[in-house]
Amino acid sequence: MIAQQHTAYIGLGANLGNRLETISAAVNALRKLPHTTVTKTSAVYVTAPVDADGDDYLNAVAEIGTLLTPAELLAGLQAIEQQFGRVRSYLNAPRTLDCDLLLYDQQVIDAPDLQVPHPRMHLRAFVLVPLAEIAPDMAIPDQGTVQTLLNALADQKVKKSVDLI
């Protein structure tokens with residue numbers, strides 16, 4: 001039996017340490033996940049914290065092709081966060097790295113440890129702006145198109161910083 005390739009979108013964010021270096025290294029860590037290829041990356045964007053503490057965030061989105069299941073991918077993302085010293089001291093604490101599984105194909109998953117689409121992505125321009133850059137026609141299950149959702153978030157300021165390689 002041949003395994004099926006899946007397309008997933010990963011949100012990356014950091015507001016502690018050398019944020020740009022961390023985001024770039026996190027993309028390289030995604031490339032090292034088993035049976036996974038990074039197919040696109042957005043530019044890096046600067047945003048003020050939303051429902052969080054600390055300095056401004058750098059955010060980006062990566063599109064990957066993977067043979068991993070959603071649970072395996074989540075475990076891989078959490079391992080990458082740990083590699084970069086992620087500490088979950090309290091909800092929305094400042095972080096060295098945040099790796100969120102935003103979308104996995106067009107699947108809707110509602111499990112205690114994993115929700116896909118990411119449950120708050122439709123409310124956050126810092127996720128939707130970089131997602132729109134690499135997947136402008138993307139429809140988020142049960143939410144609408146990225147462009148339609150972005151129109152409702154025009155008050156959230158997102159500034160392009162640099163392109164990732």
# chains A, B, ... in the order shown; residues from 1 in each chain; ligands from 1
$ residues_around --residues "Arg120 (chain A)" --least-positions-apart "6" --cutoff "12 Å" --atoms "only C-alpha atoms" --output "ChimeraX atom specification"
/A:11,50-51,100-103,126-128,140,143,149
$ write_last_selection --atoms "C-alpha atoms" --output "mmCIF file, in the first residue's frame"
data_model
loop_
_atom_site.group_PDB
_atom_site.id
_atom_site.type_symbol
_atom_site.label_atom_id
_atom_site.label_comp_id
_atom_site.auth_asym_id
_atom_site.auth_seq_id
_atom_site.Cartn_x
_atom_site.Cartn_y
_atom_site.Cartn_z
ATOM 1 C CA GLY A 11 2.296 28.614 11.804
ATOM 2 C CA VAL A 50 -2.431 39.211 20.537
ATOM 3 C CA ASP A 51 -3.859 37.861 23.795
ATOM 4 C CA ASP A 100 1.051 25.452 15.309
ATOM 5 C CA LEU A 101 -0.572 22.900 13.029
ATOM 6 C CA LEU A 102 -2.981 25.218 11.235
ATOM 7 C CA LEU A 103 -4.399 22.985 8.515
ATOM 8 C CA PHE A 126 -0.646 37.313 11.998
ATOM 9 C CA VAL A 127 -1.616 33.817 10.796
ATOM 10 C CA LEU A 128 -3.815 34.728 7.843
ATOM 11 C CA ILE A 140 -10.507 27.125 5.814
ATOM 12 C CA GLN A 143 -14.720 29.356 8.274
ATOM 13 C CA LEU A 149 -11.479 36.296 6.846
#
$ residues_around --residues "Thr148 (chain A)" --least-positions-apart "4" --cutoff "10 Å" --atoms "only C-alpha atoms" --output "list in words"
His122, Ala139, Gln143, Gly144, Ala152 and Leu153 of chain A
$ write_last_selection --atoms "N, CA and C atoms" --output "PDB file, in the first residue's frame"
ATOM      1  N   HIS A 122      -8.624  31.855  12.390  1.00  0.00           N
ATOM      2  CA  HIS A 122      -9.503  32.743  11.620  1.00  0.00           C
ATOM      3  C   HIS A 122      -9.664  34.113  12.285  1.00  0.00           C
ATOM      4  N   ALA A 139      -9.278  27.862   1.347  1.00  0.00           N
ATOM      5  CA  ALA A 139     -10.520  27.916   2.112  1.00  0.00           C
ATOM      6  C   ALA A 139     -10.281  27.156   3.410  1.00  0.00           C
ATOM      7  N   GLN A 143     -15.007  27.952   7.963  1.00  0.00           N
ATOM      8  CA  GLN A 143     -14.720  29.356   8.274  1.00  0.00           C
ATOM      9  C   GLN A 143     -14.859  30.281   7.068  1.00  0.00           C
ATOM     10  N   GLY A 144     -14.441  29.835   5.909  1.00  0.00           N
ATOM     11  CA  GLY A 144     -14.460  30.672   4.717  1.00  0.00           C
ATOM     12  C   GLY A 144     -13.079  30.795   4.110  1.00  0.00           C
ATOM     13  N   ALA A 152     -12.097  40.959   7.521  1.00  0.00           N
ATOM     14  CA  ALA A 152     -12.708  41.252   8.819  1.00  0.00           C
ATOM     15  C   ALA A 152     -11.672  41.621   9.887  1.00  0.00           C
ATOM     16  N   LEU A 153     -10.386  41.461   9.549  1.00  0.00           N
ATOM     17  CA  LEU A 153      -9.326  41.717  10.536  1.00  0.00           C
ATOM     18  C   LEU A 153      -8.452  42.902  10.146  1.00  0.00           C
TER      19      LEU A 153
END
$ select_by_dssp --residues "chain A" --states "helix (DSSP H, G or I)" --output "PyMOL selection string"
chain A and resi 19-31+70-83+121-123+125-134+146-151
$ write_last_selection --atoms "C-alpha atoms" --output "short mmCIF file (atom, residue, chain, number, x, y, z; two decimals), in the first residue's frame"
data_model
loop_
_atom_site.label_atom_id
_atom_site.label_comp_id
_atom_site.auth_asym_id
_atom_site.auth_seq_id
_atom_site.Cartn_x
_atom_site.Cartn_y
_atom_site.Cartn_z
CA ARG A 19 13.47 35.62 16.70
CA LEU A 20 14.50 35.68 13.03
CA GLU A 21 17.24 33.11 13.53
CA THR A 22 14.81 30.90 15.44
CA ILE A 23 12.11 31.06 12.74
CA SER A 24 14.67 30.26 10.05
CA ALA A 25 16.10 27.36 12.08
CA ALA A 26 12.57 26.08 12.74
CA VAL A 27 11.91 25.89 8.99
CA ASN A 28 15.11 23.84 8.67
CA ALA A 29 13.91 21.61 11.52
CA LEU A 30 10.63 21.07 9.63
CA ARG A 31 12.72 19.88 6.67
CA PRO A 70 -1.81 14.66 12.16
CA ALA A 71 -0.86 13.19 15.56
CA GLU A 72 2.66 12.31 14.38
CA LEU A 73 3.07 15.78 12.90
CA LEU A 74 1.89 17.43 16.12
CA ALA A 75 4.43 15.36 18.09
CA GLY A 76 7.14 16.47 15.67
CA LEU A 77 6.15 20.13 16.03
CA GLN A 78 6.18 19.88 19.81
CA ALA A 79 9.64 18.28 19.68
CA ILE A 80 10.87 21.19 17.54
CA GLU A 81 9.46 23.66 20.09
CA GLN A 82 11.30 21.81 22.86
CA GLN A 83 14.51 21.86 20.82
CA MET A 121 -6.47 31.07 13.23
CA HIS A 122 -9.50 32.74 11.62
CA LEU A 123 -9.27 35.53 14.25
CA ALA A 125 -4.16 38.39 10.97
CA PHE A 126 -0.65 37.31 12.00
CA VAL A 127 -1.62 33.82 10.80
CA LEU A 128 -3.82 34.73 7.84
CA VAL A 129 -1.52 37.31 6.21
CA PRO A 130 1.42 34.90 5.77
CA LEU A 131 -0.99 32.08 4.87
CA ALA A 132 -2.55 34.27 2.18
CA GLU A 133 0.91 34.94 0.77
CA ILE A 134 1.56 31.26 0.03
CA VAL A 146 -8.49 33.36 3.82
CA GLN A 147 -9.20 36.61 1.94
CA THR A 148 -12.72 36.93 3.32
CA LEU A 149 -11.48 36.30 6.85
CA LEU A 150 -8.64 38.81 6.42
CA ASN A 151 -11.08 41.52 5.39
#
$ residues_around --residues "Val162 (chain A)" --least-positions-apart "4" --cutoff "9 Å" --atoms "only C-alpha atoms" --output "PyMOL selection string"
chain A and resi 20+43-45
$ closest_residue --among "A:Asp142, A:Leu67, A:Ile109, A:Arg124" --to "Ala3 (chain A)" --atoms "only C-alpha atoms"
A:Leu67
$ closest_residue --among "A:Thr96, A:Gln156, A:Thr69, A:Thr36" --to "Asp55 (chain A)" --atoms "only C-alpha atoms"
A:Thr96
$ select_by_dssp --residues "region 44-106 of chain A" --states "strand (DSSP E or B)" --output "ChimeraX atom specification"
/A:44-47,57-66,98-104
$ closest_residue --among "A:Thr7, A:Gln107, A:Asn15, A:Thr41" --to "Leu58 (chain A)" --atoms "only C-alpha atoms"
A:Asn15
$ residues_around --residues "Asp56 (chain A)" --least-positions-apart "6" --cutoff "6 Å" --atoms "only C-alpha atoms" --output "mmCIF file with C-alpha atoms, in the first residue's frame"
data_model
loop_
_atom_site.group_PDB
_atom_site.id
_atom_site.type_symbol
_atom_site.label_atom_id
_atom_site.label_comp_id
_atom_site.auth_asym_id
_atom_site.auth_seq_id
_atom_site.Cartn_x
_atom_site.Cartn_y
_atom_site.Cartn_z
ATOM 1 C CA ASN A 15 8.992 36.770 20.590
ATOM 2 C CA THR A 47 3.089 41.843 14.930
ATOM 3 C CA ALA A 48 2.225 43.043 18.379
ATOM 4 C CA PRO A 49 1.229 40.265 20.794
#
$ residues_around --residues "His35 (chain A)" --least-positions-apart "5" --cutoff "10 Å" --atoms "only C-alpha atoms" --output "list of chain:residue names"
A:Gln5, A:Gly65, A:Thr66, A:Leu67, A:Leu68
$ write_last_selection --atoms "N, CA and C atoms" --output "mmCIF file, in the first residue's frame"
data_model
loop_
_atom_site.group_PDB
_atom_site.id
_atom_site.type_symbol
_atom_site.label_atom_id
_atom_site.label_comp_id
_atom_site.auth_asym_id
_atom_site.auth_seq_id
_atom_site.Cartn_x
_atom_site.Cartn_y
_atom_site.Cartn_z
ATOM 1 N N GLN A 5 0.358 11.340 0.374
ATOM 2 C CA GLN A 5 0.994 12.614 0.725
ATOM 3 C C GLN A 5 -0.099 13.596 1.167
ATOM 4 N N GLY A 65 4.548 19.103 2.639
ATOM 5 C CA GLY A 65 3.981 17.853 2.183
ATOM 6 C C GLY A 65 4.496 16.784 3.131
ATOM 7 N N THR A 66 3.630 15.923 3.610
ATOM 8 C CA THR A 66 4.055 14.948 4.606
ATOM 9 C C THR A 66 3.279 13.643 4.484
ATOM 10 N N LEU A 67 3.937 12.582 4.901
ATOM 11 C CA LEU A 67 3.286 11.287 5.036
ATOM 12 C C LEU A 67 2.885 11.041 6.486
ATOM 13 N N LEU A 68 3.261 11.953 7.384
ATOM 14 C CA LEU A 68 2.931 11.810 8.797
ATOM 15 C C LEU A 68 1.436 12.002 9.021
#
$ closest_residue --among "A:Val46, A:Val61, A:Ala8, A:Cys99" --to "Ser161 (chain A)" --atoms "only C-alpha atoms"
A:Val46
$ closest_residue --among "A:Thr145, A:Gly54, A:Glu63, A:Leu114" --to "Ala14 (chain A)" --atoms "only C-alpha atoms"
A:Gly54
$ closest_residue --among "A:His118, A:Leu16, A:Tyr9, A:Tyr57" --to "Met138 (chain A)" --atoms "only C-alpha atoms"
A:Tyr9
$ atom_distance --atom1 "CA of Lys32 (chain A)" --atom2 "CA of Leu97 (chain A)"
16.8 Å
$ atom_distance --atom1 "CA of Ile64 (chain A)" --atom2 "CA of Val116 (chain A)"
15.3 Å
$ decode --residues "region 11-157 of chain A" --atoms "C-alpha atoms" --output "mmCIF file, in the first residue's frame"
data_model
loop_
_atom_site.group_PDB
_atom_site.id
_atom_site.type_symbol
_atom_site.label_atom_id
_atom_site.label_comp_id
_atom_site.auth_asym_id
_atom_site.auth_seq_id
_atom_site.Cartn_x
_atom_site.Cartn_y
_atom_site.Cartn_z
ATOM 1 C CA GLY A 11 2.296 28.614 11.804
ATOM 2 C CA LEU A 12 5.630 29.704 13.283
ATOM 3 C CA GLY A 13 6.033 32.461 15.854
ATOM 4 C CA ALA A 14 8.610 33.754 18.317
ATOM 5 C CA ASN A 15 8.992 36.770 20.590
ATOM 6 C CA LEU A 16 12.002 35.809 22.728
ATOM 7 C CA GLY A 17 15.675 35.603 21.805
ATOM 8 C CA ASN A 18 16.912 35.956 18.240
ATOM 9 C CA ARG A 19 13.471 35.625 16.695
ATOM 10 C CA LEU A 20 14.499 35.679 13.029
ATOM 11 C CA GLU A 21 17.245 33.111 13.532
ATOM 12 C CA THR A 22 14.809 30.901 15.436
ATOM 13 C CA ILE A 23 12.107 31.064 12.742
ATOM 14 C CA SER A 24 14.669 30.262 10.046
ATOM 15 C CA ALA A 25 16.099 27.364 12.079
ATOM 16 C CA ALA A 26 12.565 26.082 12.741
ATOM 17 C CA VAL A 27 11.912 25.891 8.989
ATOM 18 C CA ASN A 28 15.113 23.845 8.671
ATOM 19 C CA ALA A 29 13.911 21.609 11.519
ATOM 20 C CA LEU A 30 10.626 21.067 9.627
ATOM 21 C CA ARG A 31 12.725 19.878 6.673
ATOM 22 C CA LYS A 32 14.267 17.227 8.929
ATOM 23 C CA LEU A 33 10.946 15.717 10.017
ATOM 24 C CA PRO A 34 10.606 12.197 8.599
ATOM 25 C CA HIS A 35 8.711 11.860 5.318
ATOM 26 C CA THR A 36 8.197 15.633 5.168
ATOM 27 C CA THR A 37 9.131 18.290 2.623
ATOM 28 C CA VAL A 38 8.807 22.057 3.039
ATOM 29 C CA THR A 39 7.172 23.193 -0.200
ATOM 30 C CA LYS A 40 6.605 26.917 0.493
ATOM 31 C CA THR A 41 7.407 29.499 3.145
ATOM 32 C CA SER A 42 5.947 32.931 3.622
ATOM 33 C CA ALA A 43 7.898 36.017 4.442
ATOM 34 C CA VAL A 44 8.373 36.838 8.114
ATOM 35 C CA TYR A 45 5.953 39.366 9.584
ATOM 36 C CA VAL A 46 6.144 41.548 12.699
ATOM 37 C CA THR A 47 3.089 41.843 14.930
ATOM 38 C CA ALA A 48 2.225 43.043 18.379
ATOM 39 C CA PRO A 49 1.229 40.265 20.794
ATOM 40 C CA VAL A 50 -2.431 39.211 20.537
ATOM 41 C CA ASP A 51 -3.859 37.861 23.795
ATOM 42 C CA ALA A 52 -0.233 37.391 24.895
ATOM 43 C CA ASP A 53 2.565 39.083 26.810
ATOM 44 C CA GLY A 54 5.985 40.333 25.824
ATOM 45 C CA ASP A 55 7.738 41.900 22.884
ATOM 46 C CA ASP A 56 6.545 41.944 19.279
ATOM 47 C CA TYR A 57 6.341 38.597 17.523
ATOM 48 C CA LEU A 58 7.856 37.446 14.294
ATOM 49 C CA ASN A 59 5.464 35.131 12.448
ATOM 50 C CA ALA A 60 5.574 33.029 9.294
ATOM 51 C CA VAL A 61 3.715 30.115 7.730
ATOM 52 C CA ALA A 62 5.211 27.063 6.034
ATOM 53 C CA GLU A 63 3.446 24.705 3.655
ATOM 54 C CA ILE A 64 4.632 21.119 3.918
ATOM 55 C CA GLY A 65 3.981 17.853 2.183
ATOM 56 C CA THR A 66 4.055 14.948 4.606
ATOM 57 C CA LEU A 67 3.286 11.287 5.036
ATOM 58 C CA LEU A 68 2.931 11.810 8.797
ATOM 59 C CA THR A 69 -0.484 11.539 10.425
ATOM 60 C CA PRO A 70 -1.808 14.665 12.160
ATOM 61 C CA ALA A 71 -0.855 13.192 15.565
ATOM 62 C CA GLU A 72 2.665 12.310 14.378
ATOM 63 C CA LEU A 73 3.070 15.779 12.898
ATOM 64 C CA LEU A 74 1.892 17.425 16.118
ATOM 65 C CA ALA A 75 4.426 15.362 18.090
ATOM 66 C CA GLY A 76 7.142 16.466 15.665
ATOM 67 C CA LEU A 77 6.154 20.126 16.026
ATOM 68 C CA GLN A 78 6.183 19.881 19.813
ATOM 69 C CA ALA A 79 9.635 18.279 19.675
ATOM 70 C CA ILE A 80 10.873 21.192 17.542
ATOM 71 C CA GLU A 81 9.457 23.661 20.089
ATOM 72 C CA GLN A 82 11.299 21.811 22.858
ATOM 73 C CA GLN A 83 14.511 21.861 20.818
ATOM 74 C CA PHE A 84 14.277 25.662 20.857
ATOM 75 C CA GLY A 85 13.556 25.873 24.593
ATOM 76 C CA ARG A 86 9.794 26.399 24.524
ATOM 77 C CA VAL A 87 8.427 26.674 28.065
ATOM 78 C CA ARG A 88 4.673 26.671 28.686
ATOM 79 C CA SER A 89 4.702 28.494 32.023
ATOM 80 C CA TYR A 90 1.212 29.925 31.511
ATOM 81 C CA LEU A 91 -1.330 30.417 28.744
ATOM 82 C CA ASN A 92 0.027 32.676 25.978
ATOM 83 C CA ALA A 93 3.352 33.214 27.761
ATOM 84 C CA PRO A 94 6.187 34.759 25.731
ATOM 85 C CA ARG A 95 7.920 32.048 23.745
ATOM 86 C CA THR A 96 11.136 31.191 22.015
ATOM 87 C CA LEU A 97 9.149 29.293 19.384
ATOM 88 C CA ASP A 98 5.552 28.378 18.673
ATOM 89 C CA CYS A 99 4.775 25.771 15.998
ATOM 90 C CA ASP A 100 1.051 25.452 15.309
ATOM 91 C CA LEU A 101 -0.572 22.900 13.029
ATOM 92 C CA LEU A 102 -2.981 25.218 11.235
ATOM 93 C CA LEU A 103 -4.399 22.985 8.515
ATOM 94 C CA TYR A 104 -4.009 19.365 7.446
ATOM 95 C CA ASP A 105 -5.495 18.877 3.999
ATOM 96 C CA GLN A 106 -9.119 19.946 4.446
ATOM 97 C CA GLN A 107 -9.605 17.740 7.482
ATOM 98 C CA VAL A 108 -11.519 18.833 10.558
ATOM 99 C CA ILE A 109 -10.113 17.240 13.712
ATOM 100 C CA ASP A 110 -11.596 17.833 17.158
ATOM 101 C CA ALA A 111 -9.595 15.783 19.651
ATOM 102 C CA PRO A 112 -8.597 16.722 23.207
ATOM 103 C CA ASP A 113 -4.967 17.315 22.186
ATOM 104 C CA LEU A 114 -5.417 18.485 18.592
ATOM 105 C CA GLN A 115 -7.868 20.766 16.817
ATOM 106 C CA VAL A 116 -7.581 21.355 13.095
ATOM 107 C CA PRO A 117 -8.142 23.876 11.655
ATOM 108 C CA HIS A 118 -6.369 25.705 14.438
ATOM 109 C CA PRO A 119 -9.268 27.013 16.545
ATOM 110 C CA ARG A 120 -8.229 30.695 16.566
ATOM 111 C CA MET A 121 -6.466 31.073 13.228
ATOM 112 C CA HIS A 122 -9.503 32.743 11.620
ATOM 113 C CA LEU A 123 -9.266 35.528 14.251
ATOM 114 C CA ARG A 124 -5.576 36.304 13.788
ATOM 115 C CA ALA A 125 -4.165 38.392 10.974
ATOM 116 C CA PHE A 126 -0.646 37.313 11.998
ATOM 117 C CA VAL A 127 -1.616 33.817 10.796
ATOM 118 C CA LEU A 128 -3.815 34.728 7.843
ATOM 119 C CA VAL A 129 -1.516 37.308 6.209
ATOM 120 C CA PRO A 130 1.422 34.896 5.770
ATOM 121 C CA LEU A 131 -0.986 32.077 4.866
ATOM 122 C CA ALA A 132 -2.554 34.267 2.178
ATOM 123 C CA GLU A 133 0.905 34.944 0.767
ATOM 124 C CA ILE A 134 1.564 31.261 0.034
ATOM 125 C CA ALA A 135 -2.028 29.980 -0.395
ATOM 126 C CA PRO A 136 -4.146 32.953 -1.491
ATOM 127 C CA ASP A 137 -7.140 30.866 -2.551
ATOM 128 C CA MET A 138 -7.156 28.676 0.561
ATOM 129 C CA ALA A 139 -10.520 27.916 2.112
ATOM 130 C CA ILE A 140 -10.507 27.125 5.814
ATOM 131 C CA PRO A 141 -13.055 24.402 6.637
ATOM 132 C CA ASP A 142 -16.167 25.791 8.333
ATOM 133 C CA GLN A 143 -14.720 29.356 8.274
ATOM 134 C CA GLY A 144 -14.460 30.672 4.717
ATOM 135 C CA THR A 145 -11.660 31.826 2.455
ATOM 136 C CA VAL A 146 -8.490 33.356 3.815
ATOM 137 C CA GLN A 147 -9.200 36.607 1.937
ATOM 138 C CA THR A 148 -12.717 36.934 3.320
ATOM 139 C CA LEU A 149 -11.479 36.296 6.846
ATOM 140 C CA LEU A 150 -8.644 38.812 6.425
ATOM 141 C CA ASN A 151 -11.081 41.520 5.388
ATOM 142 C CA ALA A 152 -12.708 41.252 8.819
ATOM 143 C CA LEU A 153 -9.326 41.717 10.536
ATOM 144 C CA ALA A 154 -8.230 44.929 8.848
ATOM 145 C CA ASP A 155 -7.700 46.572 12.268
ATOM 146 C CA GLN A 156 -4.934 44.069 13.169
ATOM 147 C CA LYS A 157 -1.593 45.463 12.003
#
